[in-house]
file entry.txt (compact mmCIF, C-alpha atoms)
# COMPACT_ATOMS: atom_id res chain seq x y z
CA PHE A 1 148.11 97.84 118.17
CA ASP A 2 151.85 97.29 118.53
CA LEU A 3 154.02 96.44 115.53
CA HIS A 4 156.27 93.95 117.34
CA ARG A 5 153.54 92.38 119.48
CA ASP A 6 150.65 92.25 117.00
CA GLY A 7 152.52 92.43 113.68
CA PHE A 8 150.81 95.64 112.59
CA THR A 9 149.77 99.09 113.67
CA PHE A 10 147.24 101.63 112.38
CA ILE A 11 148.00 105.27 111.62
CA ASP A 12 144.81 107.32 111.55
CA ARG A 13 144.31 111.01 110.92
CA LYS A 14 144.50 111.77 114.64
CA SER A 15 148.01 110.34 114.83
CA SER A 16 151.00 112.67 114.88
CA LEU A 17 152.45 110.41 112.18
CA SER A 18 149.64 111.13 109.72
CA SER A 19 151.29 114.29 108.43
CA LEU A 20 154.45 112.33 107.64
CA LEU A 21 152.75 109.89 105.26
CA PRO A 22 153.89 110.16 101.62
CA SER A 23 151.70 112.38 99.48
CA VAL A 24 151.75 111.25 95.87
CA LYS A 25 150.10 113.43 93.22
CA ASP A 26 150.74 111.03 90.34
CA PRO A 27 151.25 107.44 91.51
CA HIS A 28 151.75 106.36 87.88
CA ASP A 29 154.99 108.40 87.72
CA ARG A 30 157.51 106.00 89.22
CA SER A 31 160.27 108.62 89.22
CA VAL A 32 158.22 110.95 91.43
CA VAL A 33 157.17 108.11 93.73
CA VAL A 34 160.75 106.90 94.23
CA ASN A 35 162.21 110.40 94.69
CA GLU A 36 159.55 111.78 97.01
CA ALA A 37 157.60 108.96 98.61
CA TYR A 38 160.43 106.51 99.34
CA PRO A 39 162.27 108.86 101.73
CA ALA A 40 158.95 109.82 103.33
CA ALA A 41 158.03 106.17 103.92
CA ALA A 42 161.42 105.57 105.55
CA ARG A 43 161.03 108.64 107.78
CA ILE A 44 157.62 107.58 109.04
CA ILE A 45 158.96 104.17 110.07
CA GLU A 46 161.89 105.79 111.89
CA ALA A 47 159.42 108.11 113.64
CA LEU A 48 157.25 105.12 114.53
CA ALA A 49 160.23 103.69 116.43
CA MET A 50 160.00 106.50 118.95
CA GLN A 51 156.36 105.62 119.65
CA GLN A 52 157.12 102.04 120.64
CA PRO A 53 156.55 100.96 124.27
CA ARG A 54 160.33 101.08 124.49
CA PRO A 55 161.49 103.95 122.22
CA SER A 56 164.03 102.64 119.75
CA THR A 57 166.41 103.76 117.03
CA TRP A 58 165.53 102.31 113.65
CA LYS A 59 167.27 102.78 110.31
CA ALA A 60 164.75 102.38 107.46
CA VAL A 61 165.34 101.82 103.74
CA THR A 62 162.42 101.89 101.27
CA TYR A 63 163.10 99.57 98.34
CA SER A 64 159.91 99.04 96.32
CA HIS A 65 156.25 99.90 96.00
CA MET A 66 153.02 98.66 94.45
CA HIS A 67 150.17 100.76 93.12
CA ARG A 68 146.75 99.11 92.85
CA TYR A 69 143.93 100.82 91.02
CA THR A 70 141.37 98.48 89.39
CA LEU A 71 138.81 95.89 90.36
CA GLN A 72 141.07 92.97 89.46
CA CYS A 73 143.90 93.85 91.80
CA PRO A 74 143.00 93.03 95.39
CA SER A 75 143.94 89.58 96.64
CA TYR A 76 141.09 87.84 98.42
CA THR A 77 143.22 84.96 99.71
CA VAL A 78 144.94 84.98 103.09
CA HIS A 79 148.69 85.23 102.59
CA ASN A 80 152.08 86.55 103.62
CA ASP A 81 154.37 87.87 100.89
CA TYR A 82 157.46 85.91 101.97
CA THR A 83 157.36 82.12 102.18
CA HIS A 84 160.56 82.08 104.29
CA PRO A 85 162.59 84.76 106.12
CA SER A 86 165.63 83.89 103.97
CA GLN A 87 163.79 85.52 101.07
CA GLY A 88 163.78 88.72 103.09
CA VAL A 89 167.56 88.50 103.54
CA LYS A 90 168.02 88.02 99.79
CA GLN A 91 165.95 91.15 99.25
CA VAL A 92 168.10 93.08 101.74
CA LEU A 93 171.26 92.06 99.90
CA LYS A 94 169.73 92.87 96.52
CA VAL A 95 168.88 96.37 97.69
CA LEU A 96 172.11 97.19 99.52
CA GLU A 97 174.96 95.38 97.75
CA GLY A 98 176.83 97.54 95.27
CA HIS A 99 175.58 100.71 96.94
CA GLU A 100 176.53 100.52 100.60
CA GLN A 101 179.90 99.58 102.08
CA GLN A 102 180.20 95.80 102.47
CA SER A 103 181.40 96.20 106.05
CA ASP A 104 178.29 98.24 106.87
CA ILE A 105 176.05 95.62 105.25
CA GLU A 106 177.67 92.91 107.37
CA ARG A 107 177.11 94.99 110.51
CA ALA A 108 173.49 95.58 109.50
CA LEU A 109 172.83 91.86 109.08
CA GLN A 110 174.04 91.25 112.62
CA LEU A 111 171.34 93.56 113.97
CA PRO A 112 167.71 92.64 114.52
CA PHE A 113 165.94 93.65 111.32
CA PHE A 114 162.57 93.21 109.69
CA SER A 115 160.54 94.27 106.68
CA VAL A 116 157.23 96.13 106.71
CA ASN A 117 154.66 97.32 104.23
CA VAL A 118 153.30 100.85 104.60
CA TRP A 119 149.85 100.48 103.01
CA THR A 120 148.00 103.71 102.39
CA ALA A 121 144.94 104.88 100.48
CA LEU A 122 145.09 107.24 97.51
CA ALA A 123 141.35 107.86 97.76
CA PRO A 124 138.70 106.91 100.32
CA VAL A 125 138.49 103.11 100.46
CA ARG A 126 134.86 102.18 99.77
CA ARG A 127 135.46 98.60 98.68
CA ASP A 128 138.00 95.76 99.08
CA PRO A 129 139.61 97.04 102.31
CA LEU A 130 142.78 95.44 103.58
CA ALA A 131 142.41 93.25 106.68
CA VAL A 132 145.24 92.00 108.89
CA CYS A 133 145.57 89.20 111.43
CA ARG A 134 147.26 89.50 114.83
CA TRP A 135 150.44 87.49 115.36
CA ASN A 136 149.05 85.57 118.32
CA VAL A 137 146.47 84.10 115.91
CA GLY A 138 148.64 83.66 112.82
CA ARG A 139 151.89 82.38 114.35
CA GLU A 140 150.85 78.72 114.08
CA LEU A 141 150.76 79.17 110.32
CA SER A 142 154.44 80.10 109.92
CA ASP A 143 154.97 77.74 106.99
CA MET A 144 152.36 79.46 104.88
CA GLY A 145 153.47 81.81 102.12
CA TYR A 146 151.73 83.38 99.17
CA THR A 147 150.05 80.15 98.10
CA GLY A 148 146.47 81.24 97.65
CA GLN A 149 145.56 78.78 100.37
CA ARG A 150 142.30 79.39 102.20
CA ILE A 151 142.56 79.01 105.94
CA GLY A 152 140.22 79.40 108.85
CA VAL A 153 141.09 82.62 110.66
CA ASP A 154 138.18 84.33 112.35
CA GLU A 155 139.89 87.38 113.87
CA TRP A 156 140.59 90.24 111.45
CA TYR A 157 141.20 93.96 111.81
CA TRP A 158 140.82 96.76 109.27
CA MET A 159 140.27 100.50 109.09
CA PRO A 160 136.65 101.28 108.12
CA SER A 161 136.30 104.08 105.56
CA MET A 162 140.07 104.46 105.31
CA CYS A 163 141.16 107.64 103.55
CA ARG A 164 144.21 109.71 102.64
CA GLY A 165 146.41 110.48 105.60
CA GLU A 166 145.89 107.01 107.07
CA ALA A 167 147.96 103.83 106.80
CA ILE A 168 148.36 100.26 107.93
CA VAL A 169 151.95 99.29 108.72
CA PHE A 170 152.45 95.53 108.90
CA LYS A 171 155.34 93.06 109.04
CA GLN A 172 156.46 90.80 106.22
CA PHE A 173 159.33 89.05 107.99
CA ASP A 174 161.58 89.34 111.03
CA SER A 175 165.19 88.20 111.43
CA VAL A 176 164.61 86.65 114.86
CA SER A 177 163.26 83.40 113.43
CA LEU A 178 166.06 83.27 110.87
CA HIS A 179 168.77 83.59 113.53
CA ILE A 180 167.24 80.70 115.45
CA GLU A 181 167.12 78.51 112.36
CA GLU A 182 170.68 79.31 111.27
CA GLU A 183 172.12 78.34 114.64
CA GLY A 184 170.27 75.03 114.65
CA GLN A 185 169.02 75.71 118.14
CA ALA A 186 167.48 78.63 119.94
CA ARG A 187 169.71 81.14 121.60
CA GLU A 188 168.83 81.61 125.23
CA GLY A 189 165.50 83.37 125.35
CA ALA A 190 165.20 83.60 121.56
CA GLN A 191 162.30 81.17 121.29
CA ASP A 192 160.47 83.15 123.94
CA THR A 193 161.20 86.31 121.99
CA MET A 194 159.82 84.78 118.81
CA SER A 195 156.64 83.74 120.60
CA ILE A 196 155.88 87.34 121.61
CA ARG A 197 157.58 89.23 118.76
CA ALA A 198 155.60 89.08 115.53
CA GLN A 199 157.41 87.47 112.61
CA PHE A 200 154.91 88.29 109.87
CA THR A 201 151.32 89.41 109.33
CA LEU A 202 148.73 87.39 107.45
CA HIS A 203 146.62 89.75 105.38
CA THR A 204 143.92 89.80 102.72
CA SER A 205 141.37 92.01 101.05
CA PHE A 206 137.71 91.22 101.45
CA ARG A 207 134.53 92.07 99.63
CA GLU A 208 131.92 94.27 101.25
CA PRO A 209 128.38 93.98 99.82
CA PRO A 210 126.96 97.02 97.97
CA ILE A 211 124.43 99.07 99.91
CA GLY A 212 120.94 98.96 98.41
CA PRO A 213 119.36 96.60 95.83
CA ARG A 214 120.27 98.78 92.83
CA CYS A 215 123.68 99.86 94.00
CA ARG A 216 126.49 98.97 91.61
CA GLY A 217 129.01 99.39 94.34
CA PRO A 218 131.63 102.06 94.99
CA PRO A 219 134.52 102.77 92.63
CA PRO A 220 137.63 100.55 92.56
CA ARG A 221 140.04 100.81 95.44
CA ARG A 222 143.09 102.98 94.82
CA SER A 223 145.99 102.29 97.13
CA ILE A 224 149.77 102.27 97.22
CA GLU A 225 152.06 100.30 99.49
CA TYR A 226 155.75 100.83 100.19
CA ARG A 227 158.11 98.04 101.25
CA VAL A 228 160.65 99.10 103.84
CA ILE A 229 163.59 97.25 105.44
CA VAL A 230 164.16 98.27 109.05
CA PHE A 231 167.34 97.77 111.11
CA GLU A 232 167.18 98.18 114.88
CA ASP A 233 170.41 100.09 115.50
CA GLU A 234 170.32 100.74 119.24
CA ALA A 235 174.10 101.03 119.56
CA GLY A 236 174.50 103.31 116.55
CA VAL A 237 176.84 100.99 114.65
CA LEU A 238 175.53 102.04 111.25
CA PRO A 239 176.45 105.34 109.55
CA ALA A 240 173.79 108.03 109.76
CA THR A 241 173.42 107.91 105.97
CA PHE A 242 173.16 104.11 105.76
CA GLY A 243 170.63 103.12 103.09
CA GLN A 244 170.52 106.55 101.49
CA THR A 245 172.94 105.56 98.71
CA ALA A 246 170.75 102.56 97.87
CA MET A 247 167.62 104.73 97.70
CA ASP A 248 169.50 107.31 95.61
CA ALA A 249 170.42 104.53 93.17
CA LEU A 250 166.76 103.56 92.84
CA ALA A 251 165.87 107.21 92.22
CA LYS A 252 168.51 107.52 89.47
CA LYS A 253 167.28 104.33 87.85
CA ALA A 254 163.71 105.62 87.90
CA ALA A 255 164.75 108.98 86.45
CA LYS A 256 166.73 107.27 83.69
CA ALA A 257 163.74 105.09 82.81
CA ALA A 258 161.46 108.13 82.75
CA ALA A 259 163.85 110.01 80.48
CA ALA A 260 163.92 107.07 78.11
CA ARG A 261 160.13 106.78 78.37
CA GLN A 262 160.35 103.25 79.69
CA PRO A 263 157.24 102.58 81.78
CA SER A 264 157.27 100.53 84.94
CA VAL A 265 156.48 96.84 84.74
CA GLU A 266 152.70 96.64 84.39
CA THR A 267 150.07 94.00 84.81
CA THR A 268 146.32 94.34 84.68
CA GLY A 269 145.32 96.95 87.18
CA MET A 270 148.63 96.95 88.99
CA ILE A 271 151.95 98.73 88.67
CA ARG A 272 154.89 97.15 90.42
CA ASP A 273 158.20 98.95 90.50
CA ALA A 274 160.86 97.70 88.14
CA ALA A 275 163.65 97.58 90.72
call {"tool": "encode", "arguments": {"input": "entry.txt", "output": "structure tokens"}}
result
Amino acid sequence: FDLHRDGFTFIDRKSSLSSLLPSVKDPHDRSVVVNEAYPAAARIIEALAMQQPRPSTWKAVTYSHMHRYTLQCPSYTVHNDYTHPSQGVKQVLKVLEGHEQQSDIERALQLPFFSVNVWTALAPVRRDPLAVCRWNVGRELSDMGYTGQRIGVDEWYWMPSMCRGEAIVFKQFDSVSLHIEEEGQAREGAQDTMSIRAQFTLHTSFREPPIGPRCRGPPPRRSIEYRVIVFEDEAGVLPATFGQTAMDALAKKAAKAAAARQPSVETTGMIRDAA
């Protein structure tokens, strides 16, 4: 599967990228996750760029994560996390402003950019796996956001028996559609680009029936996902360290919170970063 064509790609243990996936010993320790896993998630996306049909240069910035670990967490409704690409731009500005040079941020926003989730298992996934929908199926539903709406999509893909060292990378938004909307009309060829370049990925968890009449089912799914902003910097207009200051700021904030014994924002069965 191709990230730009299908909206997602799988990284299995046979992939050369598997060894680059973040390894988190204590996912409850936000300071460790931000300091160690955020840079690793960014590196794996930048490495993924070189495996595209047309090798590219991507600059990746990890800005948040979510750790799921109980029965109540998985979402069983089909959704995309952003209801509109402009929300993605607001997130970009929130992450970068005050940390990166304003001139560099302006250059970055002129580039093609998109956001992905790097979804990986912390233990073998025996229940509630994540399923994703190809862009050529989901593109007619571009107005749908995280509404809990149930829709009829019959074509889903997932990784059976997913385990550590494997990941699903999938898109949340792409700037191509936003550029078209801002200009009021499509740039030459832009509509064609949007039709073949995935803008987002519908996704959901689903229930698998227990095996055997007395089986209580496998233990709850334990997973962690990293959200990463990706700039396609073919011409090298961005500094080599672009985004690092922003990630350093997140790391300092996490360390300060840990020192003050301030836990991350928590809900039942889910820890979302407090950035």
call {"tool": "closest_residue", "arguments": {"input": "entry.txt", "among": "A:Ala251, A:Ala198, A:Leu238, A:Met162", "to": "Arg139 (chain A)", "atoms": "all atoms listed in the file"}}
result
A:Ala198
call {"tool": "atom_distance", "arguments": {"input": "entry.txt", "atom1": "CA of Glu36 (chain A)", "atom2": "CA of Arg107 (chain A)"}}
result
27.8 Å
call {"tool": "closest_residue", "arguments": {"input": "entry.txt", "among": "A:Met247, A:Ile229, A:Leu96, A:Met159", "to": "Tyr38 (chain A)", "atoms": "only C-alpha atoms"}}
result
A:Met247
call {"tool": "residues_around", "arguments": {"input": "entry.txt", "residues": "Arg127 (chain A)", "least_positions_apart": "2", "cutoff": "7 Å", "atoms": "all atoms listed in the file", "output": "number ranges by chain"}}
result
A: 125, 129, 207-208, 218, 220-221
call {"tool": "closest_residue", "arguments": {"input": "entry.txt", "among": "A:Val137, A:Ala249, A:Ile168, A:Cys163", "to": "Thr62 (chain A)", "atoms": "only C-alpha atoms"}}
result
A:Ala249
call {"tool": "atom_distance", "arguments": {"input": "entry.txt", "atom1": "CA of Gly138 (chain A)", "atom2": "CA of Ser56 (chain A)"}}
result
25.4 Å
call {"tool": "atom_distance", "arguments": {"input": "entry.txt", "atom1": "CA of Glu234 (chain A)", "atom2": "CA of Ala108 (chain A)"}}
result
11.5 Å
call {"tool": "closest_residue", "arguments": {"input": "entry.txt", "among": "A:Val176, A:Leu93, A:Met50, A:Val228", "to": "Ala37 (chain A)", "atoms": "only C-alpha atoms"}}
result
A:Val228
call {"tool": "closest_residue", "arguments": {"input": "entry.txt", "among": "A:Ser115, A:Arg222, A:Gln52, A:Tyr157", "to": "Ser86 (chain A)", "atoms": "only C-alpha atoms"}}
result
A:Ser115
call {"tool": "residues_near_point", "arguments": {"input": "entry.txt", "point": "(140.7, 104.4, 95.3)", "cutoff": "12 Å", "atoms": "all atoms listed in the file", "output": "PyMOL selection string"}}
result
chain A and resi 27+67-71+73-74+120-129+161-164+218-224+269
